[in-house]
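The next block is start_12.txt, given as compact mmCIF, C-alpha atoms.
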```
# COMPACT_ATOMS: atom_id res chain seq x y z
CA MET O 1 0.00 0.00 0.00
CA VAL O 2 1.25 3.51 -0.79
CA VAL O 3 1.42 5.47 2.44
CA SER O 4 0.29 9.05 2.13
CA THR O 5 -1.70 11.83 3.69
CA ARG O 6 -3.38 14.79 2.06
CA VAL O 7 -1.61 18.11 2.49
CA LYS O 8 -3.90 20.94 3.47
CA SER O 9 -3.48 24.36 1.92
CA GLY O 10 -3.56 26.29 5.20
CA PRO O 11 -2.56 25.92 8.84
CA LEU O 12 -4.68 24.17 11.45
CA ASP O 13 -5.12 25.40 15.00
CA VAL O 14 -3.17 23.11 17.35
CA VAL O 15 -5.96 22.94 19.92
CA THR O 16 -8.31 21.76 17.17
CA LEU O 17 -5.75 19.14 16.15
CA MET O 18 -5.43 17.94 19.74
CA ARG O 19 -9.20 17.55 19.97
CA ALA O 20 -9.54 15.69 16.67
CA PRO O 21 -11.89 12.70 17.04
CA GLY O 22 -11.50 9.24 15.61
CA ALA O 23 -8.29 8.27 17.39
CA MET O 24 -9.09 4.57 17.44
CA ALA O 25 -9.88 4.48 13.75
CA ARG O 26 -11.23 1.37 12.06
CA ARG O 27 -8.17 1.24 9.85
CA ALA O 28 -4.78 0.96 11.54
CA SER O 29 -2.95 4.26 11.44
CA THR O 30 0.30 5.93 12.41
CA ASP O 31 0.26 9.51 13.73
CA VAL O 32 3.39 11.63 13.70
CA TRP O 33 3.88 15.07 15.25
CA VAL O 34 6.99 17.11 14.50
CA VAL O 35 7.04 19.93 17.05
CA LYS O 36 9.29 22.99 17.25
CA VAL O 37 10.75 23.60 20.70
CA THR O 38 9.25 26.90 21.88
CA GLU O 39 8.44 28.32 25.30
CA GLU O 40 4.81 29.21 24.60
CA GLY O 41 1.92 27.50 22.85
CA PRO O 42 -0.26 24.46 23.61
CA LEU O 43 2.74 22.17 23.03
CA GLY O 44 5.42 24.57 24.27
CA LEU O 45 7.79 24.12 27.20
CA ARG O 46 5.62 26.08 29.62
CA ALA O 47 2.64 23.81 28.91
CA ALA O 48 4.92 20.74 29.08
CA ARG O 49 6.13 21.69 32.58
CA VAL O 50 2.55 22.10 33.77
CA LEU O 51 1.44 18.79 32.25
CA LEU O 52 4.41 16.80 33.58
CA GLY O 53 4.71 18.53 36.93
CA GLY O 54 7.83 20.58 36.30
CA VAL O 55 11.41 19.68 35.41
CA ASP O 56 13.10 16.56 36.76
CA ARG O 57 15.89 18.05 38.86
CA SER O 58 17.84 14.80 38.77
CA ASP O 59 18.21 15.15 34.99
CA ARG O 60 21.81 16.27 34.47
CA ARG O 61 21.63 16.66 30.71
CA ARG O 62 22.53 19.95 29.06
CA GLY O 63 19.69 22.49 28.99
CA ASP O 64 18.85 22.08 25.28
CA ASP O 65 18.76 18.29 25.53
CA ARG O 66 16.66 18.45 28.68
CA ASP O 67 14.18 20.85 27.06
CA ARG O 68 13.86 18.68 23.95
CA SER O 69 13.28 15.56 26.03
CA LEU O 70 10.70 17.31 28.20
CA LEU O 71 8.79 18.66 25.21
CA ALA O 72 8.97 15.31 23.38
CA HIS O 73 7.54 13.51 26.43
CA ALA O 74 4.70 16.02 26.79
CA ALA O 75 3.93 15.99 23.05
CA LEU O 76 3.76 12.20 23.10
CA VAL O 77 1.34 12.33 26.05
CA ARG O 78 -0.83 14.84 24.15
CA LEU O 79 -0.74 12.75 20.99
CA LEU O 80 -1.72 9.64 22.94
CA ALA O 81 -4.60 11.52 24.56
CA THR O 82 -5.75 12.63 21.10
CA ARG O 83 -5.51 9.10 19.74
CA THR O 84 -7.50 7.59 22.61
CA ASP O 85 -9.91 10.54 23.01
CA THR O 86 -9.03 10.93 26.70
CA ASP O 87 -7.67 13.63 28.97
CA ALA O 88 -3.87 13.88 28.94
CA ALA O 89 -3.48 13.85 32.73
CA PRO O 90 -4.03 10.09 33.25
CA VAL O 91 -1.73 9.09 30.36
CA VAL O 92 1.41 7.45 31.72
CA ILE O 93 4.43 6.68 29.54
CA ASP O 94 6.86 4.07 30.82
CA HIS O 95 9.90 2.39 29.23
CA ASP O 96 10.60 -1.25 28.47
CA GLU O 97 13.84 -3.09 29.19
CA ALA O 98 15.35 -1.77 25.94
CA GLY O 99 14.52 1.82 26.90
CA ARG O 100 11.73 2.24 24.36
CA PRO O 101 8.68 4.30 25.42
CA ILE O 102 5.54 2.28 26.08
CA VAL O 103 2.01 3.13 27.21
CA ALA O 104 1.44 1.95 30.74
CA GLY O 105 -1.45 -0.51 30.73
CA ASN O 106 -1.93 -0.48 26.95
CA ASP O 107 -0.03 -2.89 24.71
CA ARG O 108 -2.09 -2.10 21.59
CA LEU O 109 -0.28 1.13 20.79
CA MET O 110 3.39 1.47 19.80
CA LEU O 111 5.45 4.61 20.46
CA ALA O 112 8.66 6.26 19.29
CA VAL O 113 10.34 9.63 19.83
CA ALA O 114 13.33 11.51 18.42
CA HIS O 115 14.77 15.00 18.55
CA SER O 116 17.38 17.11 16.77
CA GLY O 117 18.16 20.80 16.76
CA GLU O 118 15.01 22.85 17.33
CA PHE O 119 12.53 20.02 16.71
CA VAL O 120 11.20 16.86 18.33
CA ALA O 121 9.27 14.08 16.64
CA CYS O 122 6.87 11.65 18.28
CA THR O 123 4.69 8.92 16.85
CA VAL O 124 1.90 6.60 17.95
CA SER O 125 0.82 3.60 15.90
CA THR O 126 -1.22 0.42 16.04
CA ARG O 127 1.76 -1.27 14.35
CA ARG O 128 5.49 -1.47 14.95
CA VAL O 129 6.85 2.04 14.47
CA GLY O 130 10.02 4.09 14.56
CA VAL O 131 10.70 7.75 13.81
CA ASP O 132 13.79 9.90 13.45
CA ILE O 133 14.63 13.52 12.67
CA GLU O 134 18.07 14.93 11.88
CA ARG O 135 19.52 18.26 10.83
CA SER O 136 20.64 18.12 7.20
CA ASP O 137 23.82 20.14 7.79
CA ARG O 138 25.50 17.91 10.38
CA VAL O 139 29.24 18.21 9.80
CA GLU O 140 29.91 14.59 10.76
CA ALA O 141 27.97 13.42 7.68
CA ASP O 142 31.11 12.77 5.63
CA HIS O 143 32.89 9.98 3.78
CA ASP O 144 34.08 8.34 7.01
CA LEU O 145 30.53 8.18 8.39
CA ALA O 146 29.25 6.72 5.11
CA ARG O 147 31.95 4.05 5.26
CA ARG O 148 30.93 3.11 8.82
CA VAL O 149 27.12 3.13 8.57
CA CYS O 150 26.17 2.48 4.94
CA THR O 151 25.91 -0.76 3.03
CA ALA O 152 28.03 -1.24 -0.08
CA HIS O 153 24.95 -0.62 -2.24
CA GLU O 154 24.16 2.63 -0.41
CA ARG O 155 27.75 3.83 -0.74
CA ARG O 156 27.69 3.21 -4.48
CA GLN O 157 24.51 5.28 -4.76
CA LEU O 158 26.05 8.12 -2.75
CA GLU O 159 29.21 8.13 -4.87
CA ARG O 160 27.14 8.57 -8.03
CA LEU O 161 25.54 11.76 -6.69
CA PRO O 162 27.08 15.20 -7.30
CA ALA O 163 29.32 16.09 -4.35
CA PRO O 164 27.08 18.94 -3.04
CA LEU O 165 24.15 16.51 -2.62
CA ARG O 166 25.95 13.71 -0.79
CA ARG O 167 25.74 15.12 2.73
CA THR O 168 21.98 15.62 2.73
CA ALA O 169 21.51 12.23 1.03
CA LEU O 170 23.64 10.57 3.71
CA ILE O 171 21.63 12.29 6.46
CA ARG O 172 18.42 11.00 4.90
CA LEU O 173 19.84 7.47 4.82
CA TRP O 174 20.90 7.77 8.45
CA THR O 175 17.46 9.05 9.45
CA ARG O 176 15.75 6.10 7.77
CA LYS O 177 18.13 3.64 9.42
CA GLU O 178 17.37 5.09 12.86
CA ALA O 179 13.62 4.85 12.20
CA VAL O 180 13.90 1.23 11.06
CA VAL O 181 16.07 0.17 14.02
CA LYS O 182 13.58 1.77 16.44
CA ALA O 183 10.67 0.00 14.76
CA LEU O 184 12.48 -3.32 15.06
CA GLY O 185 13.39 -2.63 18.68
CA VAL O 186 16.89 -4.02 18.28
CA GLY O 187 18.94 -1.03 19.40
CA LEU O 188 22.65 -1.58 18.83
CA ALA O 189 22.19 -5.31 18.22
CA ILE O 190 22.27 -4.68 14.46
CA ALA O 191 25.03 -2.48 13.02
CA PRO O 192 23.77 0.35 10.74
CA GLY O 193 25.95 -1.01 7.95
CA HIS O 194 23.76 -4.13 7.88
CA VAL O 195 20.54 -2.13 7.33
CA ASP O 196 19.88 -1.05 3.73
CA VAL O 197 17.25 1.71 3.45
CA SER O 198 17.97 2.98 -0.06
CA ARG O 199 14.40 2.01 -0.99
CA ASP O 200 11.11 1.88 0.87
CA ARG O 201 11.46 -1.79 1.84
CA PRO O 202 14.31 -2.10 4.36
CA ILE O 203 16.76 -4.95 3.93
CA VAL O 204 18.26 -6.08 7.24
CA GLU O 205 21.23 -8.42 7.07
CA GLY O 206 20.26 -9.38 3.54
CA ALA O 207 16.57 -10.07 4.14
CA GLY O 208 13.30 -8.14 4.18
CA VAL O 209 11.45 -7.56 7.44
CA GLY O 210 7.85 -8.46 6.71
CA ALA O 211 5.49 -5.56 6.06
CA LEU O 212 7.87 -2.94 7.48
CA ARG O 213 8.38 0.04 5.17
CA VAL O 214 10.23 3.32 5.59
CA CYS O 215 8.82 6.64 4.38
CA ASP O 216 10.20 10.15 4.08
CA LEU O 217 8.04 12.93 5.51
CA ALA O 218 7.84 15.93 3.19
CA GLY O 219 6.57 19.39 4.11
CA GLY O 220 8.38 19.42 7.43
CA PRO O 221 10.93 21.87 8.85
CA GLU O 222 13.41 23.25 6.34
CA GLY O 223 16.91 21.89 6.80
CA TYR O 224 15.79 18.66 8.48
CA ALA O 225 15.21 15.09 7.34
CA VAL O 226 12.32 13.16 8.90
CA ALA O 227 11.56 9.48 8.38
CA VAL O 228 9.03 7.03 9.80
CA ALA O 229 9.15 3.24 9.62
CA THR O 230 5.98 1.24 10.17
CA GLU O 231 4.11 -1.81 8.97
CA THR O 232 2.21 -0.31 6.07
CA ARG O 233 -0.20 -3.11 5.22
CA ARG O 234 -3.63 -1.46 5.54
CA THR O 235 -2.02 1.35 7.48
CA ARG O 236 -1.92 5.07 6.73
CA VAL O 237 0.41 7.74 8.07
CA ARG O 238 -0.96 11.07 9.31
CA ALA O 239 1.78 13.60 9.99
CA HIS O 240 1.75 17.22 11.18
CA LEU O 241 4.37 19.91 11.62
CA ILE O 242 3.56 22.01 14.70
CA VAL O 243 5.01 25.45 15.42
CA ALA O 244 3.63 27.36 18.44
CA ASP O 245 -0.17 27.35 17.99
CA ALA O 246 -0.42 26.29 14.32
CA ALA O 247 -0.05 22.96 12.52
CA TRP O 248 0.48 21.96 8.91
CA SER O 249 -0.06 18.55 7.36
CA MET O 250 3.02 16.76 6.09
CA SER O 251 3.02 14.11 3.37
CA ALA O 252 4.42 10.62 3.87
CA ARG O 253 5.79 9.17 0.68
CA ALA O 254 7.45 5.88 -0.10
CA THR O 255 11.22 6.21 -0.05
CA ALA O 256 12.60 6.42 -3.56
CA SER O 257 16.05 5.44 -4.74
CA LEU O 258 18.63 8.16 -4.08
CA LEU O 259 19.50 8.26 -7.76
CA ARG O 260 15.86 8.70 -8.83
CA ALA O 261 15.31 11.39 -6.22
CA GLY O 262 17.78 13.72 -7.91
CA PRO O 263 17.64 17.41 -6.98
CA SER O 264 15.09 16.87 -4.17
CA TRP O 265 17.95 15.69 -1.98
CA SER O 266 19.43 19.17 -1.89
CA GLY O 267 17.22 19.93 1.16
```
Would you write the structure of this file as structure tokens?
Amino acid sequence: MVVSTRVKSGPLDVVTLMRAPGAMARRASTDVWVVKVTEEGPLGLRAARVLLGGVDRSDRRRGDDRDRSLLAHAALVRLLATRTDTDAAPVVIDHDEAGRPIVAGNDRLMLAVAHSGEFVACTVSTRRVGVDIERSDRVEADHDLARRVCTAHERRQLERLPAPLRRTALIRLWTRKEAVVKALGVGLAIAPGHVDVSRDRPIVEGAGVGALRVCDLAGGPEGYAVAVATETRRTRVRAHLIVADAAWSMSARATASLLRAGPSWSG
């Protein structure tokens, strides 16, 4: 099945989005929110502190990392409340033995979170799911990184691209790999160089992984790559970019070959 969502012409009020009905839809679905880290707004840091009861003082991470994690946690709680048509207060997110977020008392919904730069991404699905977001200008995205994390087939594709496009293409590959690994729940058990994501069907250690597919999210923040991996059989992806009090629909499209994608990889 081709995974897609219609892109609306204008912004949507975030409060309206958070109150959207039909969370437990008849057809399995994957919801993704990409949220800019801001102080104000329904999904801002101020609202996150109120929802989660303030900042965890035992968290010794740097301020930016702590803020992103706080906002990602609160956004995931809000998204879960929207999906289940409940108040956010009773929603409890725990972690399994591998450190993945899970819904306390609900094993029907799968979760994933990621953050980079000024944005966080969170997703809720009725299927296995993983999400990742990365800045497209990361300086470490160079030949050495490609040699360490890409398959031989992926490296050949990168080498055929014009030099100015290779960094953003490598970041997109890395983002897809992270999304796939999160969906599989294997952490560091599988080396990135054994995961081929040059097309929409991931190949892990030389074999496909059932109905799992990886999609690029278009219409998101400029200068970032966003990918979601989920089991796409009879499943649709609904994605939104959220900045302060407005939201825009993003499109989820099957991952094309790097060579076919051409100029779109310029970011």
Measure the distance from atom CA of O:Ala179 to atom CA of O:Pro11 in Å and round it to one decimal.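 Interatomic distance here is 26.8 Å.
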Atom CA of O:Ala121 to atom CA of O:Arg100, straight-line distance in Å: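 Result for atom CA of O:Arg100 versus atom CA of O:Ala121: 14.3 Å, one decimal.
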For a quick check of understanding, using only C-alpha atoms, which of O:Asp137, O:Asp132, O:Glu159, O:Glu97 has the smallest distance to O:Ala112?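 Ranked by minimum distance to O:Ala112, first place goes to O:Asp132.
Non-sequential neighbours of O:Ala81 (distance at most 12 Å, separation of 6 or more positions within a chain, only C-alpha atoms) are Leu17, Met18, Arg19, Ala20, Pro21, Gly22, Ala23, Met24, Ala74, Ala75, Asp87, Ala88, Ala89, Pro90, Val91, Val92, Ile93, Val103, Leu109 and Val124 of chain O.
Minimum atom-to-atom distance to O:Thr168, evaluated using only C-alpha atoms, belongs to O:Arg138 out of O:Arg155, O:His194, O:Arg236, O:Arg138.
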Can you list, as a PyMOL selection string, every protein, DNA or RNA residue that comes within 12 Å of stretch 246-249 of chain O when you count all atoms listed in the file, leaving out same-chain residues fewer than 5 positions away? chain O and resi 4-18+31-36+40-44+217-221+237-241
Just to confirm, what's the straight-line distance from atom CA of O:Ala146 to atom CA of O:Ala72 in Å (one decimal)? 28.6 Å
For a quick check of understanding, using all atoms listed in the file, which of O:Ser116, O:Thr86, O:Thr230, O:Thr175 has the smallest distance to O:Ser29? O:Thr230
